[in-house]
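As provided, target02.txt (compact mmCIF, C-alpha atoms) reads as follows.
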```
# COMPACT_ATOMS: atom_id res chain seq x y z
CA MET A 1 -5.25 -10.42 -10.66
CA GLU A 2 -2.00 -11.85 -11.89
CA ARG A 3 1.09 -10.37 -10.23
CA GLU A 4 4.27 -10.30 -12.24
CA PRO A 5 7.53 -9.09 -10.73
CA LEU A 6 9.05 -5.98 -12.27
CA GLU A 7 12.73 -5.03 -12.37
CA GLY A 8 12.42 -1.95 -10.19
CA ILE A 9 10.55 1.32 -10.26
CA GLY A 10 11.70 2.20 -13.80
CA ALA A 11 9.94 -0.91 -15.11
CA ALA A 12 6.88 0.05 -13.04
CA ASP A 13 6.90 3.49 -14.67
CA ALA A 14 7.01 1.85 -18.11
CA HIS A 15 4.18 -0.56 -17.21
CA LEU A 16 2.00 2.27 -15.91
CA GLY A 17 2.96 4.58 -18.80
CA ARG A 18 3.98 7.38 -16.43
CA ALA A 19 5.97 7.93 -13.25
CA VAL A 20 4.68 5.92 -10.31
CA PRO A 21 3.91 8.30 -7.44
CA LEU A 22 5.93 7.37 -4.36
CA PRO A 23 5.92 8.55 -0.73
CA ALA A 24 8.34 11.32 0.14
CA ALA A 25 7.83 10.76 3.89
CA PRO A 26 10.40 8.63 5.69
CA LEU A 27 9.35 4.99 5.94
CA PRO A 28 10.33 2.39 8.54
CA LEU A 29 13.33 0.22 7.71
CA ALA A 30 12.52 -2.25 4.92
CA ARG A 31 13.98 -5.74 4.78
CA TRP A 32 13.07 -5.97 1.09
CA VAL A 33 10.90 -4.21 -1.48
CA GLU A 34 8.92 -5.84 -4.25
CA VAL A 35 7.62 -4.04 -7.33
CA VAL A 36 4.91 -5.96 -9.19
CA THR A 37 2.19 -5.55 -11.76
CA ALA A 38 -1.35 -5.33 -10.41
CA GLY A 39 -3.09 -5.75 -13.74
CA PRO A 40 -2.55 -4.28 -17.21
CA ASP A 41 -2.83 -0.67 -16.02
CA ALA A 42 -1.58 -0.84 -12.43
CA VAL A 43 1.43 -1.55 -10.24
CA GLN A 44 2.15 -2.14 -6.57
CA VAL A 45 5.21 -1.31 -4.51
CA GLU A 46 5.42 -3.51 -1.42
CA TRP A 47 7.73 -2.61 1.44
CA ASN A 48 8.27 -5.64 3.69
CA LEU A 49 9.43 -4.02 6.90
CA ASP A 50 11.82 -5.03 9.66
CA THR A 51 9.67 -6.49 12.42
CA SER A 52 12.54 -7.42 14.75
CA ARG A 53 11.49 -4.75 17.26
CA ALA A 54 8.30 -5.24 19.25
CA GLY A 55 5.42 -3.17 17.92
CA ALA A 56 6.99 -2.53 14.50
CA PRO A 57 4.62 -2.49 11.51
CA GLY A 58 5.03 -5.39 9.11
CA ARG A 59 4.22 -4.18 5.62
CA LEU A 60 3.29 -1.14 3.56
CA THR A 61 1.87 -1.45 0.05
CA LEU A 62 1.11 1.29 -2.46
CA TYR A 63 -1.20 0.51 -5.40
CA ALA A 64 -1.24 2.95 -8.32
CA GLY A 65 -3.43 2.32 -11.33
CA ARG A 66 -5.58 3.81 -14.04
CA VAL A 67 -8.41 1.60 -12.72
CA ALA A 68 -9.61 1.22 -9.15
CA PRO A 69 -8.03 -1.68 -7.26
CA ALA A 70 -10.04 -4.83 -6.72
CA GLU A 71 -12.05 -5.06 -3.53
CA ARG A 72 -10.56 -7.33 -0.88
CA GLY A 73 -13.57 -7.99 1.31
CA LEU A 74 -12.76 -5.38 3.94
CA PRO A 75 -15.53 -3.52 5.78
CA ALA A 76 -17.17 -0.52 4.12
CA PRO A 77 -14.97 2.58 4.17
CA THR A 78 -15.35 5.56 6.44
CA ALA A 79 -14.04 9.04 5.73
CA ALA A 80 -10.60 10.07 6.96
CA GLY A 81 -10.24 13.52 5.46
CA ARG A 82 -10.00 13.07 1.69
CA TYR A 83 -9.39 9.33 2.02
CA ALA A 84 -11.68 6.33 2.14
CA TYR A 85 -10.42 4.47 5.23
CA ARG A 86 -10.89 0.76 5.96
CA HIS A 87 -9.73 -1.30 8.91
CA ALA A 88 -9.99 -5.02 9.67
CA PRO A 89 -8.40 -7.34 12.25
CA LEU A 90 -7.15 -9.78 9.54
CA ASP A 91 -7.14 -12.72 11.93
CA GLU A 92 -5.80 -15.10 9.27
CA ALA A 93 -2.54 -13.14 8.85
CA GLU A 94 0.68 -13.59 10.79
CA PRO A 95 0.69 -11.54 14.02
CA GLU A 96 3.10 -8.87 12.69
CA LEU A 97 0.74 -8.28 9.74
CA ARG A 98 -2.38 -7.63 11.88
CA PRO A 99 -4.49 -5.58 11.65
CA VAL A 100 -4.81 -4.22 8.12
CA GLN A 101 -5.67 -0.60 7.36
CA GLU A 102 -6.02 1.06 4.00
CA LEU A 103 -6.47 4.53 2.61
CA ALA A 104 -7.85 4.94 -0.92
CA TRP A 105 -8.03 8.11 -3.01
CA GLU A 106 -7.65 9.48 -6.53
CA HIS A 107 -4.96 11.89 -7.62
CA ASP A 108 -3.78 13.15 -11.00
CA GLY A 109 -5.78 10.56 -12.95
CA LEU A 110 -4.69 7.59 -10.83
CA HIS A 111 -6.43 5.45 -8.26
CA LEU A 112 -4.18 5.07 -5.23
CA ARG A 113 -4.42 2.76 -2.25
CA LEU A 114 -1.99 2.69 0.67
CA THR A 115 -2.25 -0.44 2.81
CA GLY A 116 -0.54 -0.83 6.15
CA GLN A 117 -0.32 -4.18 7.87
CA GLY A 118 0.66 -4.49 11.49
CA PRO A 119 0.42 -1.97 14.32
CA TRP A 120 0.28 1.21 12.25
CA GLN A 121 -1.22 4.40 13.65
CA ARG A 122 -3.82 5.79 11.25
CA ASP A 123 -2.25 9.26 11.45
CA ALA A 124 1.10 7.80 10.36
CA LEU A 125 -0.52 6.23 7.31
CA VAL A 126 -2.29 9.52 6.49
CA GLY A 127 1.07 11.31 6.74
CA ILE A 128 2.63 8.87 4.29
CA ALA A 129 -0.37 9.17 1.94
CA GLU A 130 -0.13 12.96 2.06
CA SER A 131 3.49 12.72 0.88
CA VAL A 132 2.73 10.54 -2.17
CA ALA A 133 3.62 12.52 -5.28
```

Output the file's structure in the form of structure tokens.
Amino acid sequence: MEREPLEGIGAADAHLGRAVPLPAAPLPLARWVEVVTAGPDAVQVEWNLDTSRAGAPGRLTLYAGRVAPAERGLPAPTAAGRYAYRHAPLDEAEPELRPVQELAWEHDGLHLRLTGQGPWQRDALVGIAESVA
């Protein structure tokens, strides 16, 4: 998958051909945000979070696409309500980006995947996913 940077969420809307659904829930403080293509019919918004406080999560990524996102070699999903939930220690990542957790679901004709890296609580990720509209 070739990632190309986009000039903000408006460009992501144009690439996807519709408005990119975004979380309405408050997010931790971001140091920077990247908006990129994730294929011809998909985009990702990547919040790189402030990890200067102990125990702060490191990253949050939202994939939105007309096709399901590529598998990343994580363990088989389990159910977490309406979401497919995956969790892995991600030993190869920097400490503030471990572990990785993801929630995947479909909504309004899109495949969505919310990935949290670092010490996220699963309920916090579910709350953010519930607010995506």

Leaving out Asp13 in chain A and any residue of its chain fewer than 2 positions from it, which residues lie within 12 Å of it when counting all atoms listed in the file, given as a list in words?
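Counting all atoms listed in the file, the residues come to Leu6, Glu7, Gly8, Ile9, Gly10, Ala11, His15, Leu16, Gly17, Arg18, Ala19, Val20, Pro21, Leu22, Val35, Val36, Thr37, Asp41, Ala42, Val43, Gln44, Val45, Ala64 and Gly65 of chain A.
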
Can you tell me, as a VMD selection string, what residues are no more than 12 Å from Trp105 in chain A when counting all atoms listed in the file, ignoring any on the same chain fewer than 2 positions away?
chain A and resid 62 to 65 67 to 69 77 79 to 86 102 to 103 107 to 115 126 129 to 130 132

Env of Gln121 in chain A: 10 Å cut, atoms = all atoms listed in the file, seq-sep filter 5 positions within chain, self excluded. Answer as a list in words.
Pro57, Gln101, Gly116 and Val126 of chain A

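One distance worth recording is that between CA of Ala38 in chain A and CA of Glu2 in chain A, which is 6.7 Å.
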
In Å and to one decimal, CA of Arg31 in chain A is distant from CA of Ala88 in chain A by 24.5 Å

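You will find CA of Ala133 in chain A at 17.1 Å from CA of Trp47 in chain A.
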
Residues near Gly118 in chain A, anyone? I mean within 12 Å using all atoms listed in the file, not counting same-chain ones fewer than 4 positions away, as JSON, numbers by chain.
{"A": [48, 49, 50, 51, 54, 55, 56, 57, 58, 59, 60, 61, 87, 88, 89, 90, 91, 93, 94, 95, 96, 97, 98, 99, 100, 101, 102, 122, 125]}

Any chance you could model N, CA and C atoms for range 18-36 of chain A and send them as a PDB file, keeping the file's coordinate frame?
```
ATOM      1  N   ARG A  18       3.682   6.092 -17.071  1.00  0.00           N
ATOM      2  CA  ARG A  18       3.980   7.380 -16.430  1.00  0.00           C
ATOM      3  C   ARG A  18       4.742   7.090 -15.150  1.00  0.00           C
ATOM      4  N   ALA A  19       5.245   8.122 -14.513  1.00  0.00           N
ATOM      5  CA  ALA A  19       5.970   7.930 -13.250  1.00  0.00           C
ATOM      6  C   ALA A  19       5.027   7.437 -12.164  1.00  0.00           C
ATOM      7  N   VAL A  20       5.446   6.428 -11.448  1.00  0.00           N
ATOM      8  CA  VAL A  20       4.680   5.920 -10.310  1.00  0.00           C
ATOM      9  C   VAL A  20       4.851   6.896  -9.157  1.00  0.00           C
ATOM     10  N   PRO A  21       3.767   7.407  -8.591  1.00  0.00           N
ATOM     11  CA  PRO A  21       3.910   8.300  -7.440  1.00  0.00           C
ATOM     12  C   PRO A  21       4.393   7.500  -6.232  1.00  0.00           C
ATOM     13  N   LEU A  22       5.341   8.060  -5.512  1.00  0.00           N
ATOM     14  CA  LEU A  22       5.930   7.370  -4.360  1.00  0.00           C
ATOM     15  C   LEU A  22       5.877   8.282  -3.131  1.00  0.00           C
ATOM     16  N   PRO A  23       5.906   7.717  -1.945  1.00  0.00           N
ATOM     17  CA  PRO A  23       5.920   8.550  -0.730  1.00  0.00           C
ATOM     18  C   PRO A  23       7.241   9.294  -0.599  1.00  0.00           C
ATOM     19  N   ALA A  24       7.149  10.539  -0.170  1.00  0.00           N
ATOM     20  CA  ALA A  24       8.340  11.320   0.140  1.00  0.00           C
ATOM     21  C   ALA A  24       8.633  11.259   1.639  1.00  0.00           C
ATOM     22  N   ALA A  25       7.656  10.865   2.440  1.00  0.00           N
ATOM     23  CA  ALA A  25       7.830  10.760   3.890  1.00  0.00           C
ATOM     24  C   ALA A  25       8.787   9.610   4.208  1.00  0.00           C
ATOM     25  N   PRO A  26       9.550   9.752   5.275  1.00  0.00           N
ATOM     26  CA  PRO A  26      10.400   8.630   5.690  1.00  0.00           C
ATOM     27  C   PRO A  26       9.558   7.413   6.050  1.00  0.00           C
ATOM     28  N   LEU A  27      10.038   6.247   5.653  1.00  0.00           N
ATOM     29  CA  LEU A  27       9.350   4.990   5.940  1.00  0.00           C
ATOM     30  C   LEU A  27      10.182   4.185   6.940  1.00  0.00           C
ATOM     31  N   PRO A  28       9.544   3.278   7.675  1.00  0.00           N
ATOM     32  CA  PRO A  28      10.330   2.390   8.540  1.00  0.00           C
ATOM     33  C   PRO A  28      11.316   1.574   7.719  1.00  0.00           C
ATOM     34  N   LEU A  29      12.306   1.018   8.373  1.00  0.00           N
ATOM     35  CA  LEU A  29      13.330   0.220   7.710  1.00  0.00           C
ATOM     36  C   LEU A  29      12.711  -0.980   7.000  1.00  0.00           C
ATOM     37  N   ALA A  30      13.034  -1.124   5.715  1.00  0.00           N
ATOM     38  CA  ALA A  30      12.520  -2.250   4.920  1.00  0.00           C
ATOM     39  C   ALA A  30      13.559  -3.357   4.868  1.00  0.00           C
ATOM     40  N   ARG A  31      13.095  -4.591   4.999  1.00  0.00           N
ATOM     41  CA  ARG A  31      13.980  -5.740   4.780  1.00  0.00           C
ATOM     42  C   ARG A  31      14.126  -6.001   3.292  1.00  0.00           C
ATOM     43  N   TRP A  32      13.024  -5.861   2.548  1.00  0.00           N
ATOM     44  CA  TRP A  32      13.070  -5.970   1.090  1.00  0.00           C
ATOM     45  C   TRP A  32      11.849  -5.265   0.515  1.00  0.00           C
ATOM     46  N   VAL A  33      11.967  -4.897  -0.761  1.00  0.00           N
ATOM     47  CA  VAL A  33      10.900  -4.210  -1.480  1.00  0.00           C
ATOM     48  C   VAL A  33      10.609  -5.004  -2.742  1.00  0.00           C
ATOM     49  N   GLU A  34       9.331  -5.185  -3.013  1.00  0.00           N
ATOM     50  CA  GLU A  34       8.920  -5.840  -4.250  1.00  0.00           C
ATOM     51  C   GLU A  34       8.125  -4.854  -5.091  1.00  0.00           C
ATOM     52  N   VAL A  35       8.368  -4.863  -6.381  1.00  0.00           N
ATOM     53  CA  VAL A  35       7.620  -4.040  -7.330  1.00  0.00           C
ATOM     54  C   VAL A  35       6.988  -5.026  -8.305  1.00  0.00           C
ATOM     55  N   VAL A  36       5.642  -4.972  -8.399  1.00  0.00           N
ATOM     56  CA  VAL A  36       4.910  -5.960  -9.190  1.00  0.00           C
ATOM     57  C   VAL A  36       3.804  -5.291  -9.995  1.00  0.00           C
TER      58      VAL A  36
END
```
